[in-house]
>>> print(open('start-v3.cif').read())   # mmCIF, N, CA and C atoms
data_model
#
loop_
_atom_site.group_PDB
_atom_site.id
_atom_site.type_symbol
_atom_site.label_atom_id
_atom_site.label_comp_id
_atom_site.auth_asym_id
_atom_site.auth_seq_id
_atom_site.Cartn_x
_atom_site.Cartn_y
_atom_site.Cartn_z
ATOM 1 N N MET U 784 0.844 -1.182 0.000
ATOM 2 C CA MET U 784 0.000 0.000 0.000
ATOM 3 C C MET U 784 0.887 1.241 0.000
ATOM 4 N N LYS U 785 0.426 2.228 -0.732
ATOM 5 C CA LYS U 785 1.152 3.479 -0.816
ATOM 6 C C LYS U 785 0.563 4.466 0.193
ATOM 7 N N SER U 786 1.420 5.260 0.797
ATOM 8 C CA SER U 786 0.953 6.268 1.742
ATOM 9 C C SER U 786 1.595 7.609 1.403
ATOM 10 N N GLU U 787 0.988 8.664 1.945
ATOM 11 C CA GLU U 787 1.458 10.014 1.693
ATOM 12 C C GLU U 787 1.467 10.780 3.008
ATOM 13 N N ASP U 788 2.533 11.525 3.265
ATOM 14 C CA ASP U 788 2.585 12.349 4.473
ATOM 15 C C ASP U 788 1.642 13.531 4.287
ATOM 16 N N THR U 789 0.627 13.625 5.162
ATOM 17 C CA THR U 789 -0.434 14.615 5.019
ATOM 18 C C THR U 789 -0.499 15.476 6.273
ATOM 19 N N PRO U 790 -0.484 16.818 6.122
ATOM 20 C CA PRO U 790 -0.581 17.699 7.295
ATOM 21 C C PRO U 790 -2.015 17.781 7.824
ATOM 22 N N PHE U 791 -2.134 17.957 9.152
ATOM 23 C CA PHE U 791 -3.418 18.125 9.829
ATOM 24 C C PHE U 791 -3.475 19.538 10.392
ATOM 25 N N VAL U 792 -4.622 20.210 10.183
ATOM 26 C CA VAL U 792 -4.793 21.600 10.611
ATOM 27 C C VAL U 792 -5.978 21.677 11.556
ATOM 28 N N GLY U 793 -5.781 22.313 12.708
ATOM 29 C CA GLY U 793 -6.850 22.503 13.676
ATOM 30 C C GLY U 793 -7.035 21.294 14.575
ATOM 31 N N GLY U 794 -7.747 21.510 15.669
ATOM 32 C CA GLY U 794 -8.043 20.422 16.590
ATOM 33 C C GLY U 794 -6.823 19.926 17.345
ATOM 34 N N PRO U 795 -6.917 18.762 17.954
ATOM 35 C CA PRO U 795 -5.822 18.219 18.754
ATOM 36 C C PRO U 795 -4.585 17.833 17.937
ATOM 37 N N LEU U 796 -4.738 17.568 16.651
ATOM 38 C CA LEU U 796 -3.599 17.164 15.816
ATOM 39 C C LEU U 796 -3.015 18.317 15.017
ATOM 40 N N ASP U 797 -3.271 19.544 15.426
ATOM 41 C CA ASP U 797 -2.811 20.720 14.686
ATOM 42 C C ASP U 797 -1.287 20.727 14.559
ATOM 43 N N GLY U 798 -0.829 20.874 13.327
ATOM 44 C CA GLY U 798 0.600 20.952 13.066
ATOM 45 C C GLY U 798 1.290 19.611 12.848
ATOM 46 N N ARG U 799 0.599 18.522 13.048
ATOM 47 C CA ARG U 799 1.216 17.203 12.850
ATOM 48 C C ARG U 799 1.108 16.773 11.392
ATOM 49 N N VAL U 800 2.076 15.983 10.977
ATOM 50 C CA VAL U 800 2.081 15.397 9.646
ATOM 51 C C VAL U 800 2.126 13.890 9.829
ATOM 52 N N LEU U 801 1.069 13.210 9.363
ATOM 53 C CA LEU U 801 0.958 11.770 9.543
ATOM 54 C C LEU U 801 0.896 11.071 8.189
ATOM 55 N N PRO U 802 1.425 9.856 8.097
ATOM 56 C CA PRO U 802 1.271 9.100 6.850
ATOM 57 C C PRO U 802 -0.157 8.566 6.734
ATOM 58 N N VAL U 803 -0.796 8.835 5.596
ATOM 59 C CA VAL U 803 -2.171 8.413 5.354
ATOM 60 C C VAL U 803 -2.166 7.500 4.134
ATOM 61 N N LEU U 804 -2.830 6.345 4.261
ATOM 62 C CA LEU U 804 -2.906 5.414 3.143
ATOM 63 C C LEU U 804 -3.732 6.003 2.009
ATOM 64 N N LEU U 805 -3.269 5.787 0.773
ATOM 65 C CA LEU U 805 -3.961 6.285 -0.400
ATOM 66 C C LEU U 805 -4.887 5.213 -0.947
ATOM 67 N N GLY U 806 -5.947 5.646 -1.592
ATOM 68 C CA GLY U 806 -6.897 4.709 -2.185
ATOM 69 C C GLY U 806 -6.465 4.283 -3.571
ATOM 70 N N ILE U 807 -7.361 3.654 -4.280
ATOM 71 C CA ILE U 807 -7.079 3.158 -5.625
ATOM 72 C C ILE U 807 -6.765 4.300 -6.579
ATOM 73 N N THR U 808 -7.422 5.447 -6.397
ATOM 74 C CA THR U 808 -7.222 6.591 -7.284
ATOM 75 C C THR U 808 -5.968 7.392 -6.960
ATOM 76 N N GLY U 809 -5.300 7.062 -5.871
ATOM 77 C CA GLY U 809 -4.107 7.793 -5.466
ATOM 78 C C GLY U 809 -4.386 8.962 -4.552
ATOM 79 N N HIS U 810 -5.630 9.081 -4.068
ATOM 80 C CA HIS U 810 -6.003 10.164 -3.161
ATOM 81 C C HIS U 810 -6.256 9.598 -1.773
ATOM 82 N N PRO U 811 -5.999 10.400 -0.731
ATOM 83 C CA PRO U 811 -6.370 9.969 0.623
ATOM 84 C C PRO U 811 -7.887 10.023 0.781
ATOM 85 N N PRO U 812 -8.450 9.377 1.807
ATOM 86 C CA PRO U 812 -9.907 9.392 1.993
ATOM 87 C C PRO U 812 -10.438 10.796 2.270
ATOM 88 N N LYS U 813 -11.721 11.032 1.939
ATOM 89 C CA LYS U 813 -12.323 12.351 2.116
ATOM 90 C C LYS U 813 -12.452 12.734 3.582
ATOM 91 N N THR U 814 -12.753 11.773 4.434
ATOM 92 C CA THR U 814 -12.806 12.029 5.872
ATOM 93 C C THR U 814 -11.862 11.060 6.568
ATOM 94 N N TYR U 815 -11.239 11.544 7.617
ATOM 95 C CA TYR U 815 -10.294 10.741 8.390
ATOM 96 C C TYR U 815 -10.776 10.740 9.833
ATOM 97 N N ARG U 816 -11.163 9.591 10.338
ATOM 98 C CA ARG U 816 -11.706 9.465 11.694
ATOM 99 C C ARG U 816 -10.651 8.843 12.604
ATOM 100 N N ILE U 817 -10.432 9.475 13.754
ATOM 101 C CA ILE U 817 -9.430 9.012 14.707
ATOM 102 C C ILE U 817 -10.127 8.738 16.037
ATOM 103 N N PRO U 818 -10.243 7.468 16.442
ATOM 104 C CA PRO U 818 -10.847 7.179 17.746
ATOM 105 C C PRO U 818 -9.855 7.481 18.875
ATOM 106 N N VAL U 819 -10.328 8.209 19.877
ATOM 107 C CA VAL U 819 -9.495 8.564 21.034
ATOM 108 C C VAL U 819 -10.120 7.923 22.265
ATOM 109 N N PRO U 820 -9.405 6.987 22.915
ATOM 110 C CA PRO U 820 -9.983 6.328 24.095
ATOM 111 C C PRO U 820 -10.128 7.300 25.267
ATOM 112 N N ASP U 821 -11.159 7.073 26.054
ATOM 113 C CA ASP U 821 -11.406 7.888 27.240
ATOM 114 C C ASP U 821 -10.498 7.384 28.358
ATOM 115 N N PRO U 822 -9.746 8.277 29.039
ATOM 116 C CA PRO U 822 -8.855 7.823 30.115
ATOM 117 C C PRO U 822 -9.608 7.228 31.307
ATOM 118 N N ALA U 823 -10.893 7.604 31.468
ATOM 119 C CA ALA U 823 -11.674 7.082 32.587
ATOM 120 C C ALA U 823 -12.322 5.738 32.250
ATOM 121 N N GLY U 824 -12.135 5.263 31.032
ATOM 122 C CA GLY U 824 -12.698 3.980 30.652
ATOM 123 C C GLY U 824 -14.071 4.064 30.027
ATOM 124 N N GLY U 825 -14.555 5.264 29.753
ATOM 125 C CA GLY U 825 -15.866 5.436 29.135
ATOM 126 C C GLY U 825 -15.799 5.235 27.633
ATOM 127 N N PRO U 826 -16.840 5.624 26.952
ATOM 128 C CA PRO U 826 -16.834 5.468 25.492
ATOM 129 C C PRO U 826 -15.812 6.406 24.844
ATOM 130 N N SER U 827 -15.183 5.926 23.795
ATOM 131 C CA SER U 827 -14.159 6.725 23.131
ATOM 132 C C SER U 827 -14.808 7.807 22.269
ATOM 133 N N THR U 828 -14.110 8.922 22.108
ATOM 134 C CA THR U 828 -14.574 9.989 21.233
ATOM 135 C C THR U 828 -13.874 9.831 19.884
ATOM 136 N N VAL U 829 -14.499 10.311 18.845
ATOM 137 C CA VAL U 829 -13.945 10.195 17.502
ATOM 138 C C VAL U 829 -13.687 11.596 16.961
ATOM 139 N N LEU U 830 -12.432 11.870 16.614
ATOM 140 C CA LEU U 830 -12.072 13.128 15.978
ATOM 141 C C LEU U 830 -12.262 12.968 14.474
ATOM 142 N N VAL U 831 -12.892 13.943 13.844
ATOM 143 C CA VAL U 831 -13.160 13.865 12.411
ATOM 144 C C VAL U 831 -12.407 14.995 11.718
ATOM 145 N N TYR U 832 -11.659 14.633 10.686
ATOM 146 C CA TYR U 832 -10.940 15.591 9.847
ATOM 147 C C TYR U 832 -11.421 15.423 8.417
ATOM 148 N N ARG U 833 -11.612 16.547 7.716
ATOM 149 C CA ARG U 833 -12.055 16.523 6.321
ATOM 150 C C ARG U 833 -10.910 16.926 5.400
ATOM 151 N N ARG U 834 -10.833 16.235 4.245
ATOM 152 C CA ARG U 834 -9.783 16.501 3.265
ATOM 153 C C ARG U 834 -10.115 17.759 2.482
ATOM 154 N N VAL U 835 -9.145 18.664 2.373
ATOM 155 C CA VAL U 835 -9.273 19.874 1.569
ATOM 156 C C VAL U 835 -8.012 20.033 0.737
ATOM 157 N N GLN U 836 -8.100 20.844 -0.290
ATOM 158 C CA GLN U 836 -6.956 21.084 -1.155
ATOM 159 C C GLN U 836 -5.928 21.918 -0.404
ATOM 160 N N ALA U 837 -4.656 21.493 -0.459
ATOM 161 C CA ALA U 837 -3.605 22.179 0.293
ATOM 162 C C ALA U 837 -3.209 23.488 -0.367
ATOM 163 N N ALA U 838 -2.978 23.466 -1.669
ATOM 164 C CA ALA U 838 -2.540 24.669 -2.368
ATOM 165 C C ALA U 838 -2.750 24.496 -3.867
ATOM 166 N N THR U 839 -2.600 25.609 -4.587
ATOM 167 C CA THR U 839 -2.628 25.567 -6.044
ATOM 168 C C THR U 839 -1.370 26.237 -6.571
ATOM 169 N N SER U 840 -0.939 25.839 -7.753
ATOM 170 C CA SER U 840 0.244 26.453 -8.347
ATOM 171 C C SER U 840 -0.100 27.866 -8.815
ATOM 172 N N LYS U 841 0.879 28.748 -8.798
ATOM 173 C CA LYS U 841 0.635 30.150 -9.151
ATOM 174 C C LYS U 841 0.370 30.333 -10.636
ATOM 175 N N ARG U 842 1.127 29.644 -11.451
ATOM 176 C CA ARG U 842 1.043 29.892 -12.877
ATOM 177 C C ARG U 842 -0.195 29.257 -13.526
ATOM 178 N N LEU U 843 -0.429 27.988 -13.285
ATOM 179 C CA LEU U 843 -1.514 27.288 -13.961
ATOM 180 C C LEU U 843 -2.720 26.997 -13.074
ATOM 181 N N GLY U 844 -2.606 27.203 -11.790
ATOM 182 C CA GLY U 844 -3.707 26.932 -10.874
ATOM 183 C C GLY U 844 -3.957 25.451 -10.668
ATOM 184 N N LEU U 845 -2.912 24.637 -10.790
ATOM 185 C CA LEU U 845 -3.049 23.197 -10.628
ATOM 186 C C LEU U 845 -3.038 22.806 -9.163
ATOM 187 N N HIS U 846 -3.645 21.683 -8.883
ATOM 188 C CA HIS U 846 -3.751 21.135 -7.531
ATOM 189 C C HIS U 846 -2.377 20.668 -7.033
ATOM 190 N N GLN U 847 -2.036 20.998 -5.779
ATOM 191 C CA GLN U 847 -0.739 20.614 -5.215
ATOM 192 C C GLN U 847 -0.893 19.922 -3.867
ATOM 193 N N GLY U 848 -1.586 18.824 -3.827
ATOM 194 C CA GLY U 848 -1.652 18.030 -2.608
ATOM 195 C C GLY U 848 -2.879 18.295 -1.765
ATOM 196 N N TRP U 849 -2.957 17.533 -0.664
ATOM 197 C CA TRP U 849 -4.102 17.576 0.238
ATOM 198 C C TRP U 849 -3.658 17.887 1.657
ATOM 199 N N LYS U 850 -4.600 18.364 2.462
ATOM 200 C CA LYS U 850 -4.412 18.502 3.904
ATOM 201 C C LYS U 850 -5.746 18.181 4.551
ATOM 202 N N TYR U 851 -5.726 17.907 5.845
ATOM 203 C CA TYR U 851 -6.944 17.613 6.585
ATOM 204 C C TYR U 851 -7.225 18.753 7.558
ATOM 205 N N GLU U 852 -8.473 19.235 7.553
ATOM 206 C CA GLU U 852 -8.910 20.264 8.489
ATOM 207 C C GLU U 852 -9.873 19.655 9.492
ATOM 208 N N TYR U 853 -9.755 20.083 10.729
ATOM 209 C CA TYR U 853 -10.574 19.564 11.820
ATOM 210 C C TYR U 853 -12.027 19.971 11.633
ATOM 211 N N ALA U 854 -12.940 19.019 11.808
ATOM 212 C CA ALA U 854 -14.379 19.273 11.731
ATOM 213 C C ALA U 854 -14.966 19.066 13.125
ATOM 214 N N PRO U 855 -15.134 20.139 13.917
ATOM 215 C CA PRO U 855 -15.623 19.977 15.281
ATOM 216 C C PRO U 855 -17.046 19.441 15.356
ATOM 217 N N GLU U 856 -17.847 19.615 14.292
ATOM 218 C CA GLU U 856 -19.224 19.110 14.321
ATOM 219 C C GLU U 856 -19.274 17.610 14.099
ATOM 220 N N GLY U 857 -18.185 16.994 13.713
ATOM 221 C CA GLY U 857 -18.138 15.544 13.530
ATOM 222 C C GLY U 857 -18.713 15.126 12.202
ATOM 223 N N ASP U 858 -19.512 14.068 12.200
ATOM 224 C CA ASP U 858 -20.106 13.522 10.984
ATOM 225 C C ASP U 858 -21.492 14.091 10.726
ATOM 226 N N ALA U 859 -21.714 15.353 10.991
ATOM 227 C CA ALA U 859 -23.039 15.946 10.838
ATOM 228 C C ALA U 859 -23.385 16.263 9.391
ATOM 229 N N SER U 860 -22.445 16.062 8.461
ATOM 230 C CA SER U 860 -22.720 16.422 7.072
ATOM 231 C C SER U 860 -23.740 15.494 6.433
ATOM 232 N N GLY U 861 -23.797 14.234 6.859
ATOM 233 C CA GLY U 861 -24.744 13.286 6.304
ATOM 234 C C GLY U 861 -24.440 12.887 4.878
ATOM 235 N N ARG U 862 -23.205 12.973 4.459
ATOM 236 C CA ARG U 862 -22.837 12.676 3.084
ATOM 237 C C ARG U 862 -22.380 11.235 2.947
ATOM 238 N N ARG U 863 -23.228 10.309 3.279
ATOM 239 C CA ARG U 863 -22.919 8.892 3.127
ATOM 240 C C ARG U 863 -23.322 8.436 1.740
ATOM 241 N N PHE U 864 -22.468 7.684 1.094
ATOM 242 C CA PHE U 864 -22.753 7.161 -0.232
ATOM 243 C C PHE U 864 -23.691 5.981 -0.109
ATOM 244 N N LYS U 865 -24.798 6.020 -0.858
ATOM 245 C CA LYS U 865 -25.757 4.921 -0.842
ATOM 246 C C LYS U 865 -25.949 4.420 -2.261
ATOM 247 N N LEU U 866 -25.904 3.130 -2.408
ATOM 248 C CA LEU U 866 -26.160 2.533 -3.703
ATOM 249 C C LEU U 866 -27.656 2.557 -3.979
ATOM 250 N N PRO U 867 -28.053 2.663 -5.255
ATOM 251 C CA PRO U 867 -29.481 2.750 -5.566
ATOM 252 C C PRO U 867 -30.280 1.539 -5.116
ATOM 253 N N TRP U 868 -29.657 0.376 -5.052
ATOM 254 C CA TRP U 868 -30.389 -0.832 -4.681
ATOM 255 C C TRP U 868 -30.304 -1.144 -3.190
ATOM 256 N N SER U 869 -29.619 -0.300 -2.417
ATOM 257 C CA SER U 869 -29.533 -0.544 -0.982
ATOM 258 C C SER U 869 -30.844 -0.151 -0.307
ATOM 259 N N PRO U 870 -31.202 -0.820 0.798
ATOM 260 C CA PRO U 870 -32.460 -0.490 1.476
ATOM 261 C C PRO U 870 -32.419 0.920 2.053
ATOM 262 N N GLY U 871 -33.512 1.628 1.887
ATOM 263 C CA GLY U 871 -33.602 2.991 2.419
ATOM 264 C C GLY U 871 -33.002 4.040 1.519
ATOM 265 N N ALA U 872 -32.533 3.675 0.325
ATOM 266 C CA ALA U 872 -31.929 4.656 -0.570
ATOM 267 C C ALA U 872 -32.975 5.586 -1.163
ATOM 268 N N HIS U 873 -34.195 5.082 -1.386
ATOM 269 C CA HIS U 873 -35.262 5.886 -1.974
ATOM 270 C C HIS U 873 -36.315 6.145 -0.905
ATOM 271 N N LYS U 874 -36.226 7.295 -0.264
ATOM 272 C CA LYS U 874 -37.158 7.608 0.817
ATOM 273 C C LYS U 874 -38.324 8.453 0.336
ATOM 274 N N GLY U 875 -38.303 8.874 -0.929
ATOM 275 C CA GLY U 875 -39.315 9.806 -1.418
ATOM 276 C C GLY U 875 -40.689 9.203 -1.579
ATOM 277 N N GLY U 876 -40.826 8.046 -2.105
ATOM 278 C CA GLY U 876 -42.134 7.478 -2.378
ATOM 279 C C GLY U 876 -42.133 6.864 -3.752
ATOM 280 N N GLY U 877 -43.308 6.695 -4.339
ATOM 281 C CA GLY U 877 -43.377 5.975 -5.590
ATOM 282 C C GLY U 877 -43.738 6.810 -6.794
ATOM 283 N N SER U 878 -43.775 8.127 -6.761
ATOM 284 C CA SER U 878 -44.258 8.894 -7.902
ATOM 285 C C SER U 878 -43.162 9.336 -8.855
ATOM 286 N N GLY U 879 -41.908 9.031 -8.628
ATOM 287 C CA GLY U 879 -40.860 9.557 -9.487
ATOM 288 C C GLY U 879 -40.204 8.538 -10.394
ATOM 289 N N GLY U 880 -40.679 7.311 -10.470
ATOM 290 C CA GLY U 880 -40.022 6.285 -11.259
ATOM 291 C C GLY U 880 -40.505 6.243 -12.697
ATOM 292 N N ALA U 881 -39.939 5.316 -13.481
ATOM 293 C CA ALA U 881 -40.328 5.156 -14.875
ATOM 294 C C ALA U 881 -41.627 4.382 -14.995
ATOM 295 N N THR U 882 -41.961 3.573 -14.016
ATOM 296 C CA THR U 882 -43.195 2.787 -14.051
ATOM 297 C C THR U 882 -44.308 3.608 -13.413
ATOM 298 N N PRO U 883 -45.426 3.792 -14.121
ATOM 299 C CA PRO U 883 -46.510 4.593 -13.525
ATOM 300 C C PRO U 883 -47.144 3.873 -12.350
ATOM 301 N N GLY U 884 -47.743 4.629 -11.463
ATOM 302 C CA GLY U 884 -48.348 4.060 -10.263
ATOM 303 C C GLY U 884 -49.617 3.290 -10.542
ATOM 304 N N GLY U 885 -50.419 3.690 -11.492
ATOM 305 C CA GLY U 885 -51.669 3.015 -11.798
ATOM 306 C C GLY U 885 -51.796 2.766 -13.282
ATOM 307 N N ASN U 886 -52.871 2.162 -13.688
ATOM 308 C CA ASN U 886 -53.123 1.892 -15.080
ATOM 309 C C ASN U 886 -53.606 3.169 -15.752
ATOM 310 N N ALA U 887 -53.136 3.442 -16.984
ATOM 311 C CA ALA U 887 -53.501 4.665 -17.685
ATOM 312 C C ALA U 887 -54.959 4.665 -18.125
ATOM 313 N N ASP U 888 -55.600 3.483 -18.250
ATOM 314 C CA ASP U 888 -56.977 3.398 -18.708
ATOM 315 C C ASP U 888 -57.995 3.685 -17.602
ATOM 316 N N GLU U 889 -57.575 3.744 -16.387
ATOM 317 C CA GLU U 889 -58.511 3.918 -15.277
ATOM 318 C C GLU U 889 -58.971 5.327 -15.135
#
>>> encode(input="start-v3.cif", output="structure tokens")
Amino acid sequence: MKSEDTPFVGGPLDGRVLPVLLGITGHPPKTYRIPVPDPAGGPSTVLVYRRVQAATSKRLGLHQGWKYEYAPEGDASGRRFKLPWSPGAHKGGGSGGATPGGNADE
């Protein structure tokens, strides 16, 4: 597996550079979750960092790497990928499909 040293901005990991595993496309994951155990033995808290563009080149405006910024709200974005055939993917109802709801002759 290939990894890339990625800087973290904000939150408890501010200023640290950690190696992050890259995906199939060569990019790090969009969100990086770090579980932190509770010293008192309670439930662990999860720190959430979101991937943002680190910089752009001056001349052509090309992308120059990634960094992670701290998201204090956690996973409140609700941007989970759902496949069309997964249960609960279509919460709207039955009026938007290609098959009509009733017979046209009625």
>>> atom_distance(input="start-v3.cif", atom1="atom N of Val835 in chain U", atom2="atom C of Gln847 in chain U")
10.4 Å
>>> closest_residue(input="start-v3.cif", among="U:Leu843, U:Gly806, U:Pro818, U:Pro812", to="Leu830 in chain U", atoms="all atoms listed in the file")
U:Pro818
>>> closest_residue(input="start-v3.cif", among="U:Arg834, U:Ser786, U:Trp849, U:Pro820", to="Pro802 in chain U", atoms="all atoms listed in the file")
U:Ser786
>>> resolve_selection(input="start-v3.cif", expression="the PyMOL selection byres ((chain U and resi 787-801) around 6.5)", output="list in words")
Lys785, Ser786, Pro802, Val803, Leu804, Leu805, Trp849, Lys850, Tyr851, Glu852 and Tyr853 of chain U
>>> atom_distance(input="start-v3.cif", atom1="CA of Gln836 in chain U", atom2="CA of Pro855 in chain U")
18.6 Å
>>> atom_distance(input="start-v3.cif", atom1="atom N of Arg833 in chain U", atom2="CA of Arg816 in chain U")
8.1 Å
